[in-house]
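Beneath this line is the structure, given in structure tokens, with notes to follow.
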Amino acid sequence: METQVMENPMFANADTYFRQIEAPVRKGLFMRGRFMFEVMTAPGVTRLVALGELGEALGYGPQHSRKDFQECRLTAARLLREGRSDAWVHYSSAQVVPDESLRDVT
């Protein structure tokens with residue numbers, strides 16, 4: 001008997017999605033905490049990365065647009081501020097995608 005693996009079309013082109021889950025908080029003159037992100041490379045396949053590792057986790061490199069990377073980060077920061085922890089940002093379009101769209105397999 002053959003097992004058929006269903007694929008999510010949202011990941012058809014090796015697309016990557018991420019969301020910011022933590023940001024530093026100002027306490028007087030000092031900042032406490034750090035920038036943390038959750039990166040999803042396939043349905044249910046996620047990993048936590050710090051800001052310094054985000055580019056590599058997304059596949060960002062010198063051949064990619066720095067503006068796209070910045071726009072995606074700004075979108076993720078906005079979603080965190082708005083409390084939209086159920087949304088993901090598509091790298092590199094900065095499109096906001098609901099969690100259920102990424103987890104559903106068709």
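All residue names refer to the structure tokens as shown: chains lettered A, B, ... in order, residues numbered from 1 in each chain, ligands numbered from 1 in order.
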#### Entry: Residues flagged alpha helix (DSSP H) by DSSP in chain A, as a VMD selection string
chain A and resid 51 to 58 66 to 81 99 to 103
### Test item: residues at most 12 Å from region 53-55 of chain A, only C-alpha atoms, excluding those fewer than 4 positions along its chain, as a list in words
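Those residues are Thr16, Tyr17, Phe18, Arg19, Gln20, Phe35, Met36, Phe37, Glu38, Val39, Met40, Arg47, Leu48, Val49, Gly59, Tyr60, Gly61, Pro62, His64, Ser65, Arg66, Asp68, Phe69, Gln70, Cys72, Arg73, Tyr91 and Ser92 of chain A.
Checking A:Leu58, A:Arg34, A:Thr75, A:Gly28 one by one against Val97 (chain A), counting only C-alpha atoms, you find the shortest gap at A:Thr75.
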Residues flagged strand (DSSP E) by DSSP in region 10-78 of chain A, as a tab-separated table (two decimals) with N, CA and C atoms, in the first residue's frame:
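Saved the output as selection18.tsv:
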```tsv
chain	number	residue	atom	x	y	z
A	16	THR	N	9.26	30.63	2.42
A	16	THR	CA	9.54	30.66	3.85
A	16	THR	C	8.67	31.73	4.48
A	17	TYR	N	8.18	31.44	5.68
A	17	TYR	CA	7.33	32.36	6.42
A	17	TYR	C	7.93	32.55	7.81
A	18	PHE	N	7.70	33.73	8.37
A	18	PHE	CA	8.21	33.97	9.72
A	18	PHE	C	7.31	34.94	10.45
A	19	ARG	N	7.50	34.99	11.76
A	19	ARG	CA	6.81	35.96	12.60
A	19	ARG	C	7.72	36.33	13.76
A	20	GLN	N	7.59	37.56	14.19
A	20	GLN	CA	8.36	38.02	15.34
A	20	GLN	C	7.60	37.63	16.58
A	21	ILE	N	8.27	37.01	17.53
A	21	ILE	CA	7.58	36.56	18.74
A	21	ILE	C	8.05	37.29	20.00
A	22	GLU	N	9.13	38.06	19.88
A	22	GLU	CA	9.65	38.78	21.04
A	22	GLU	C	10.42	40.00	20.56
A	25	VAL	N	12.38	45.40	25.36
A	25	VAL	CA	11.55	46.40	26.02
A	25	VAL	C	12.48	47.40	26.70
A	26	ARG	N	12.19	48.67	26.52
A	26	ARG	CA	13.01	49.71	27.14
A	26	ARG	C	12.68	49.82	28.63
A	27	LYS	N	13.70	49.76	29.46
A	27	LYS	CA	13.59	49.95	30.91
A	27	LYS	C	14.54	51.08	31.29
A	30	PHE	N	18.04	51.39	29.52
A	30	PHE	CA	18.47	50.09	29.03
A	30	PHE	C	17.35	49.36	28.30
A	31	MET	N	17.75	48.45	27.45
A	31	MET	CA	16.81	47.58	26.74
A	31	MET	C	16.93	46.18	27.35
A	32	ARG	N	15.80	45.56	27.63
A	32	ARG	CA	15.76	44.20	28.18
A	32	ARG	C	15.10	43.30	27.14
A	36	MET	N	13.34	37.97	18.73
A	36	MET	CA	13.25	36.54	18.43
A	36	MET	C	12.18	36.33	17.37
A	37	PHE	N	12.43	35.35	16.51
A	37	PHE	CA	11.53	35.07	15.40
A	37	PHE	C	11.29	33.57	15.31
A	38	GLU	N	10.12	33.21	14.81
A	38	GLU	CA	9.80	31.83	14.49
A	38	GLU	C	9.75	31.74	12.97
A	39	VAL	N	10.48	30.79	12.42
A	39	VAL	CA	10.58	30.63	10.96
A	39	VAL	C	9.97	29.29	10.59
A	40	MET	N	9.08	29.30	9.58
A	40	MET	CA	8.44	28.07	9.10
A	40	MET	C	8.88	27.82	7.66
A	41	THR	N	9.47	26.65	7.43
A	41	THR	CA	9.96	26.28	6.09
A	41	THR	C	9.09	25.22	5.43
A	42	ALA	N	8.22	24.60	6.17
A	42	ALA	CA	7.28	23.60	5.67
A	42	ALA	C	6.17	23.49	6.72
A	45	VAL	N	7.02	22.66	10.35
A	45	VAL	CA	8.48	22.68	10.53
A	45	VAL	C	8.89	24.11	10.86
A	46	THR	N	9.11	24.36	12.14
A	46	THR	CA	9.48	25.70	12.59
A	46	THR	C	10.75	25.64	13.42
A	47	ARG	N	11.38	26.80	13.52
A	47	ARG	CA	12.52	26.93	14.42
A	47	ARG	C	12.58	28.36	14.92
A	48	LEU	N	13.11	28.53	16.11
A	48	LEU	CA	13.27	29.84	16.71
A	48	LEU	C	14.67	30.36	16.40
A	49	VAL	N	14.74	31.62	16.00
A	49	VAL	CA	16.04	32.23	15.70
A	49	VAL	C	16.08	33.64	16.26
A	50	ALA	N	17.28	34.08	16.59
A	50	ALA	CA	17.50	35.46	17.01
A	50	ALA	C	17.68	36.32	15.76
```
